[in-house]
$ cat data05.cif   # mmCIF, C-alpha atoms
data_my_file
loop_
_atom_site.label_atom_id
_atom_site.label_comp_id
_atom_site.auth_asym_id
_atom_site.auth_seq_id
_atom_site.Cartn_x
_atom_site.Cartn_y
_atom_site.Cartn_z
CA MET A 1 -30.38 -13.26 13.11
CA SER A 2 -30.01 -9.77 14.60
CA ASN A 3 -28.04 -7.26 12.55
CA VAL A 4 -27.06 -5.35 15.69
CA PHE A 5 -23.27 -5.16 16.08
CA ASN A 6 -21.85 -7.62 18.57
CA PHE A 7 -18.13 -7.49 19.42
CA ASN A 8 -17.90 -11.11 20.59
CA ARG A 9 -19.54 -12.27 17.38
CA LEU A 10 -17.06 -10.14 15.40
CA CYS A 11 -14.13 -11.84 17.16
CA ALA A 12 -15.63 -15.25 16.44
CA LEU A 13 -16.08 -14.28 12.78
CA ILE A 14 -12.45 -13.13 12.52
CA ARG A 15 -11.28 -16.49 13.91
CA ARG A 16 -13.61 -18.34 11.54
CA GLN A 17 -12.43 -16.33 8.53
CA TRP A 18 -8.82 -17.23 9.25
CA ILE A 19 -9.72 -20.86 8.56
CA ALA A 20 -11.10 -19.79 5.19
CA VAL A 21 -8.46 -17.26 4.11
CA GLY A 22 -5.45 -18.27 6.20
CA LYS A 23 -3.92 -20.55 3.56
CA ILE A 24 -4.34 -17.92 0.85
CA TYR A 25 -2.69 -15.31 3.06
CA MET A 26 0.23 -17.60 3.89
CA MET A 27 0.75 -18.44 0.21
CA SER A 28 0.67 -14.73 -0.66
CA ILE A 29 3.24 -13.97 2.04
CA VAL A 30 5.53 -16.75 0.77
CA ILE A 31 5.31 -15.36 -2.79
CA ILE A 32 6.02 -11.81 -1.59
CA ALA A 33 8.97 -13.10 0.46
CA GLY A 34 10.30 -14.84 -2.64
CA ILE A 35 10.09 -11.58 -4.61
CA PHE A 36 11.95 -9.70 -1.87
CA ILE A 37 14.68 -12.34 -1.66
CA ALA A 38 15.00 -12.42 -5.47
CA PHE A 39 15.58 -8.64 -5.64
CA TYR A 40 18.09 -8.62 -2.80
CA GLY A 41 19.85 -11.75 -4.04
CA PHE A 42 20.14 -10.43 -7.60
CA GLY A 43 21.44 -7.04 -6.44
CA ILE A 44 24.10 -8.60 -4.24
CA SER A 45 25.16 -11.29 -6.73
CA MET A 46 25.71 -8.71 -9.47
CA ASN A 47 28.12 -6.75 -7.27
CA TYR A 48 29.50 -9.54 -5.09
CA GLU A 49 33.20 -9.10 -5.93
CA ASP A 50 33.09 -5.30 -5.78
CA LEU A 51 31.44 -5.38 -2.37
CA LYS A 52 34.48 -7.06 -0.85
CA THR A 53 36.93 -4.38 -2.00
CA ASN A 54 34.93 -1.19 -2.39
CA PRO A 55 32.57 -0.27 0.48
CA GLN A 56 31.22 2.72 -1.47
CA VAL A 57 29.44 0.29 -3.81
CA MET A 58 27.13 -0.70 -0.97
CA ALA A 59 25.22 2.57 -1.30
CA GLY A 60 23.96 1.64 -4.76
CA VAL A 61 23.47 -2.11 -4.41
CA LEU A 62 20.19 -1.77 -2.48
CA SER A 63 18.91 1.39 -4.18
CA PHE A 64 15.80 -0.54 -5.31
CA ARG A 65 14.42 -0.89 -1.79
CA GLN A 66 12.13 2.12 -1.56
CA PRO A 67 10.44 1.72 -5.00
CA LEU A 68 10.06 -2.01 -4.37
CA PHE A 69 8.56 -1.52 -0.91
CA TYR A 70 5.99 1.09 -1.95
CA PHE A 71 4.87 -0.17 -5.35
CA LEU A 72 4.80 -3.87 -4.49
CA GLY A 73 3.01 -3.03 -1.24
CA LEU A 74 0.22 -1.17 -3.03
CA PHE A 75 -0.07 -4.01 -5.55
CA PHE A 76 -0.27 -6.54 -2.71
CA ILE A 77 -3.09 -4.57 -1.04
CA THR A 78 -5.12 -4.49 -4.27
CA ILE A 79 -4.72 -8.24 -4.83
CA ILE A 80 -5.79 -9.13 -1.28
CA SER A 81 -8.71 -6.67 -1.29
CA SER A 82 -9.97 -7.81 -4.68
CA SER A 83 -10.01 -11.47 -3.67
CA TYR A 84 -11.71 -11.18 -0.27
CA PHE A 85 -15.34 -11.08 -1.46
CA SER A 86 -14.72 -12.78 -4.80
CA ASP A 87 -16.86 -15.76 -3.72
CA LEU A 88 -19.94 -13.54 -3.96
CA GLY A 89 -19.64 -13.76 -7.74
CA GLN A 90 -20.23 -17.55 -7.66
CA LYS A 91 -23.76 -18.59 -6.73
CA THR A 92 -22.91 -21.74 -4.78
CA LYS A 93 -20.17 -20.05 -2.76
CA ALA A 94 -22.15 -16.83 -2.41
CA ILE A 95 -25.00 -18.64 -0.64
CA PHE A 96 -22.58 -20.12 1.88
CA GLU A 97 -20.91 -16.71 2.37
CA LEU A 98 -24.21 -14.90 2.88
CA MET A 99 -25.43 -17.51 5.37
CA ILE A 100 -22.56 -16.88 7.79
CA PRO A 101 -24.17 -16.01 11.16
CA ALA A 102 -22.89 -12.45 11.46
CA SER A 103 -24.26 -9.00 10.78
CA ARG A 104 -23.34 -7.08 7.62
CA LEU A 105 -21.23 -4.65 9.63
CA GLU A 106 -19.34 -7.48 11.30
CA LYS A 107 -18.60 -9.09 7.93
CA PHE A 108 -17.38 -5.80 6.54
CA LEU A 109 -15.21 -5.03 9.58
CA SER A 110 -13.72 -8.52 9.33
CA ALA A 111 -12.87 -7.82 5.69
CA VAL A 112 -11.22 -4.50 6.60
CA PHE A 113 -9.32 -6.19 9.44
CA TYR A 114 -7.78 -8.81 7.11
CA THR A 115 -7.29 -6.68 3.99
CA VAL A 116 -5.91 -3.63 5.78
CA PHE A 117 -4.51 -4.32 9.23
CA VAL A 118 -3.32 -7.91 8.81
CA SER A 119 -2.09 -7.46 5.24
CA ILE A 120 -0.20 -4.21 5.80
CA SER A 121 1.29 -5.36 9.11
CA ALA A 122 2.44 -8.68 7.65
CA TYR A 123 3.90 -6.97 4.57
CA ILE A 124 5.86 -4.37 6.55
CA LEU A 125 7.14 -6.93 9.05
CA LEU A 126 8.21 -9.30 6.28
CA PHE A 127 10.04 -6.60 4.34
CA PHE A 128 11.85 -5.37 7.45
CA LEU A 129 12.94 -8.92 8.37
CA VAL A 130 14.26 -9.63 4.87
CA ASP A 131 16.03 -6.27 4.80
CA LEU A 132 17.48 -6.86 8.25
CA ALA A 133 18.85 -10.25 7.20
CA PHE A 134 20.46 -9.08 3.95
CA VAL A 135 21.86 -5.80 5.29
CA SER A 136 23.34 -7.65 8.28
CA TYR A 137 24.89 -10.09 5.82
CA LEU A 138 26.41 -7.25 3.78
CA LYS A 139 27.77 -5.60 6.90
CA GLY A 140 29.61 -8.83 7.58
CA PHE A 141 31.77 -8.18 4.50
CA GLY A 142 33.78 -5.68 6.49
CA THR A 143 33.71 -1.92 6.71
CA TYR A 144 30.65 -0.21 5.33
CA THR A 145 31.76 3.35 6.05
CA THR A 146 34.07 5.76 4.25
CA THR A 147 35.96 8.64 5.78
CA GLU A 148 36.25 11.93 3.93
CA ILE A 149 38.21 15.03 4.81
CA LEU A 150 36.47 18.27 3.97
CA PRO A 151 38.39 21.34 2.66
CA SER A 152 38.05 22.80 6.14
CA GLY A 153 40.04 19.87 7.48
CA GLU A 154 37.06 18.32 9.24
CA GLU A 155 36.85 14.55 9.09
CA VAL A 156 33.45 13.15 8.07
CA VAL A 157 32.41 9.50 8.30
CA ARG A 158 29.80 8.45 5.73
CA VAL A 159 27.70 5.33 6.24
CA ASN A 160 27.22 3.56 2.90
CA LEU A 161 24.80 0.93 4.15
CA THR A 162 21.78 1.40 6.40
CA TYR A 163 18.71 -0.63 7.27
CA PHE A 164 15.52 0.28 5.41
CA PHE A 165 13.85 1.80 8.47
CA GLU A 166 16.87 4.10 8.89
CA LEU A 167 16.69 5.51 5.36
CA LYS A 168 15.79 9.16 4.97
CA LYS A 169 12.20 9.47 3.76
CA TRP A 170 10.69 12.05 1.44
CA ASN A 171 9.42 15.06 3.43
CA PHE A 172 5.91 14.79 1.99
CA LEU A 173 5.63 11.00 2.14
CA HIS A 174 3.16 11.05 5.04
CA TYR A 175 0.60 12.81 2.85
CA PHE A 176 0.33 9.60 0.82
CA TYR A 177 -0.43 7.28 3.74
CA PHE A 178 -4.10 7.20 2.72
CA LEU A 179 -3.31 5.36 -0.55
CA PRO A 180 -3.48 1.79 0.88
CA ILE A 181 -6.88 2.59 2.45
CA LEU A 182 -8.17 4.19 -0.74
CA LEU A 183 -7.07 1.25 -2.90
CA ASN A 184 -8.51 -1.14 -0.33
CA GLY A 185 -11.91 0.58 -0.56
CA ILE A 186 -11.87 0.61 -4.37
CA PHE A 187 -10.90 -3.04 -4.77
CA LEU A 188 -13.19 -4.25 -1.98
CA LEU A 189 -16.03 -2.51 -3.81
CA GLY A 190 -14.95 -4.16 -7.06
CA SER A 191 -14.78 -7.61 -5.48
CA ILE A 192 -18.41 -7.21 -4.34
CA ALA A 193 -19.80 -5.43 -7.41
CA TYR A 194 -18.35 -7.63 -10.17
CA GLN A 195 -19.22 -11.30 -10.56
CA ASN A 196 -15.99 -12.39 -12.27
CA TYR A 197 -12.56 -11.04 -13.19
CA GLN A 198 -12.97 -8.64 -10.29
CA TYR A 199 -9.36 -7.46 -10.22
CA ILE A 200 -9.08 -6.76 -13.94
CA LYS A 201 -12.45 -4.99 -14.16
CA THR A 202 -11.75 -2.90 -11.07
CA ALA A 203 -8.27 -1.93 -12.28
CA ILE A 204 -9.57 -0.92 -15.72
CA SER A 205 -12.44 1.08 -14.19
CA MET A 206 -10.04 2.85 -11.84
CA ILE A 207 -7.62 3.75 -14.64
CA VAL A 208 -10.45 5.11 -16.81
CA TYR A 209 -11.92 7.21 -13.98
CA VAL A 210 -8.50 8.56 -12.96
CA ALA A 211 -7.74 9.51 -16.58
CA ILE A 212 -11.12 11.26 -16.94
CA TRP A 213 -10.63 13.08 -13.65
CA MET A 214 -7.12 14.26 -14.56
CA ILE A 215 -8.18 15.46 -18.02
CA THR A 216 -11.19 17.27 -16.54
CA PHE A 217 -9.08 18.84 -13.80
CA VAL A 218 -6.45 20.12 -16.25
CA TYR A 219 -9.14 21.46 -18.59
CA VAL A 220 -10.99 23.28 -15.79
CA MET A 221 -7.74 24.74 -14.43
CA LYS A 222 -6.86 25.95 -17.93
CA LEU A 223 -10.25 27.62 -18.34
CA THR A 224 -10.09 29.34 -14.96
CA THR A 225 -6.50 30.59 -15.32
CA ASP A 226 -6.51 31.71 -18.97
CA ASN A 227 -6.42 35.50 -19.41
CA THR A 228 -5.98 36.03 -15.69
CA ILE A 229 -3.23 37.91 -13.90
CA GLY A 230 -1.62 36.11 -10.97
CA LEU A 231 -0.96 38.07 -7.82
CA GLU A 232 2.47 37.28 -6.47
CA ASN A 233 2.58 35.77 -2.99
CA SER A 234 -1.22 35.65 -2.79
CA ASN A 235 -1.86 32.17 -4.10
CA TYR A 236 -2.54 29.57 -1.41
CA PHE A 237 -1.40 26.79 -3.73
CA GLN A 238 2.04 28.27 -4.32
CA ASP A 239 3.04 26.55 -1.09
CA GLU A 240 3.87 22.86 -1.68
CA GLY A 241 2.71 21.99 1.80
CA HIS A 242 -0.77 23.40 1.16
CA VAL A 243 -1.08 21.42 -2.08
CA PHE A 244 -0.19 18.16 -0.35
CA GLN A 245 -2.50 18.92 2.57
CA LEU A 246 -5.40 19.38 0.14
CA PHE A 247 -4.35 16.20 -1.66
CA PHE A 248 -4.30 14.30 1.64
CA GLY A 249 -7.70 15.67 2.68
CA ILE A 250 -9.31 14.68 -0.62
CA GLY A 251 -7.68 11.25 -0.36
CA ILE A 252 -9.12 10.65 3.11
CA ILE A 253 -12.60 11.68 1.96
CA LEU A 254 -12.42 9.44 -1.12
CA SER A 255 -11.20 6.52 1.03
CA LEU A 256 -14.19 6.86 3.35
CA ILE A 257 -16.56 7.20 0.38
CA PHE A 258 -15.32 4.02 -1.30
CA LEU A 259 -15.36 2.07 1.96
CA GLY A 260 -18.92 3.29 2.53
CA LEU A 261 -19.93 2.29 -1.00
CA ALA A 262 -18.39 -1.15 -0.48
CA PHE A 263 -20.39 -1.59 2.72
CA LEU A 264 -23.62 -0.50 1.03
CA LYS A 265 -22.95 -2.88 -1.88
CA LEU A 266 -22.42 -5.72 0.58
CA LYS A 267 -25.77 -4.90 2.22
CA GLU A 268 -27.39 -4.89 -1.21
CA LYS A 269 -26.00 -8.37 -1.93
CA GLU A 270 -27.61 -9.73 1.21
CA VAL A 271 -31.07 -8.32 0.50
#

$ encode --input "data05.cif" --output "structure tokens"
Amino acid sequence: MSNVFNFNRLCALIRRQWIAVGKIYMMSIVIIAGIFIAFYGFGISMNYEDLKTNPQVMAGVLSFRQPLFYFLGLFFITIISSSYFSDLGQKTKAIFELMIPASRLEKFLSAVFYTVFVSISAYILLFFLVDLAFVSYLKGFGTYTTTEILPSGEEVVRVNLTYFFELKKWNFLHYFYFLPILLNGIFLLGSIAYQNYQYIKTAISMIVYVAIWMITFVYVMKLTTDNTIGLENSNYFQDEGHVFQLFFGIGIILSLIFLGLAFLKLKEKEV
């Protein structure tokens, strides 16, 4: 079969892969939905009586939303990515996987489509729907605003309950948008490279490499800055924005490198 990229064949492969991974994806979504509902339900149940009488409590009831959304989302991406090519570690299943009539690039693009675009879109949509349902329910309790009078005499209305997509985000949050892609590349590579326990081995390898990199970075920075005199207002990295821009640039490069390595490892498996 020709290894030349064919868009129609890619579309056919994506449809075919849904038959294979669709049930796993739906089960994962149900589990994630259960976790969301459990967090919201527990937070509301613990403050149920206070919510009826004190609208200011609403501001703290759902304070878990941002940490839950980001950390569980990254964990979800790693699980999905690590399981996509896990069949390659089992000889009988690997033969069937490798015999699929599609080029290596088409197989890899199909993997990226499901582990990045489908997974992230489904996760965000699910979280927003759950949040919409519970916040709308809380707003049904009555007033969710408080009015304060400033010393100047001005009257200010404070909203104690907002939907997740209306929450104020950290100014530098967009510099971390590469993280799902980076983790996807790392765990896709691990799912191809390791024959068993792909998730555990990849996670351990990643932790070890990150620890080594951080220790090395700190040591090198210490060596280069010891016995030196800093020039005020001349250091590029004194600006937070510059630091995060560099961080974002390195993250993008690493993401592309790991995705490239995953693709090359997939080609190696098929040789």

$ atom_distance --input "data05.cif" --atom1 "atom CA of A:Tyr199" --atom2 "atom CA of A:Ala38"
25.3 Å

$ closest_residue --input "data05.cif" --among "A:Tyr40, A:Trp213, A:Tyr177, A:Tyr219" --to "A:Leu132" --atoms "all atoms listed in the file"
A:Tyr40

$ resolve_selection --input "data05.cif" --expression "the PyMOL selection byres ((chain A and resi 240-254) around 12)" --output "PyMOL selection string"
chain A and resi 171-186+235-239+255-261

$ closest_atom_pairs --input "data05.cif" --of "stretch 2-99 of chain A" --to "stretch 107-113 of chain A" --cutoff "8 Å" --atoms "only C-alpha atoms" --output "CSV"
residue,atom,partner,partner_atom,distance
A:Leu10,CA,A:Ser110,CA,7.1
A:Leu13,CA,A:Ser110,CA,7.1
A:Ile14,CA,A:Ser110,CA,5.7
A:Gln17,CA,A:Ser110,CA,8.0
A:Tyr84,CA,A:Ala111,CA,6.9

$ closest_residue --input "data05.cif" --among "A:Leu51, A:Ala211, A:Ile124, A:Ile24" --to "A:Tyr70" --atoms "all atoms listed in the file"
A:Ile124

$ residues_around --input "data05.cif" --residues "A:Ala33" --least-positions-apart "2" --cutoff "10 Å" --atoms "all atoms listed in the file" --output "PyMOL selection string"
chain A and resi 27-31+35-38+123+126-127+129-130

$ closest_residue --input "data05.cif" --among "A:Tyr197, A:Phe64, A:Phe134, A:Tyr25" --to "A:Ile120" --atoms "all atoms listed in the file"
A:Tyr25

$ resolve_selection --input "data05.cif" --expression "the PyMOL selection byres ((chain A and resi 135) around 9)" --output "list in words"
Leu62, Val130, Asp131, Leu132, Ala133, Phe134, Ser136, Tyr137, Leu138, Lys139, Gly140, Leu161, Thr162, Tyr163 and Phe164 of chain A

$ atom_distance --input "data05.cif" --atom1 "atom CA of A:Val208" --atom2 "atom CA of A:Phe263"
22.9 Å

$ atom_distance --input "data05.cif" --atom1 "atom CA of A:Asn196" --atom2 "atom CA of A:Ile80"
15.3 Å

$ closest_residue --input "data05.cif" --among "A:Trp170, A:Gln66, A:Lys269, A:Ile44" --to "A:Phe128" --atoms "all atoms listed in the file"
A:Gln66

$ closest_residue --input "data05.cif" --among "A:Ala20, A:Ile32, A:Ile100, A:Leu266" --to "A:Tyr114" --atoms "all atoms listed in the file"
A:Ala20

$ closest_residue --input "data05.cif" --among "A:Arg65, A:Tyr48, A:Phe141, A:Cys11" --to "A:Lys169" --atoms "only C-alpha atoms"
A:Arg65

$ resolve_selection --input "data05.cif" --expression "the PyMOL selection byres ((chain A and resi 198) around 10)" --output "JSON, numbers by chain"
{"A": [79, 82, 83, 85, 86, 89, 187, 188, 189, 190, 191, 192, 193, 194, 195, 196, 197, 199, 200, 201, 202, 203]}

$ residues_around --input "data05.cif" --residues "A:Val4" --least-positions-apart "5" --cutoff "10 Å" --atoms "all atoms listed in the file" --output "MDAnalysis selection string"
chainID A and resid 102:106
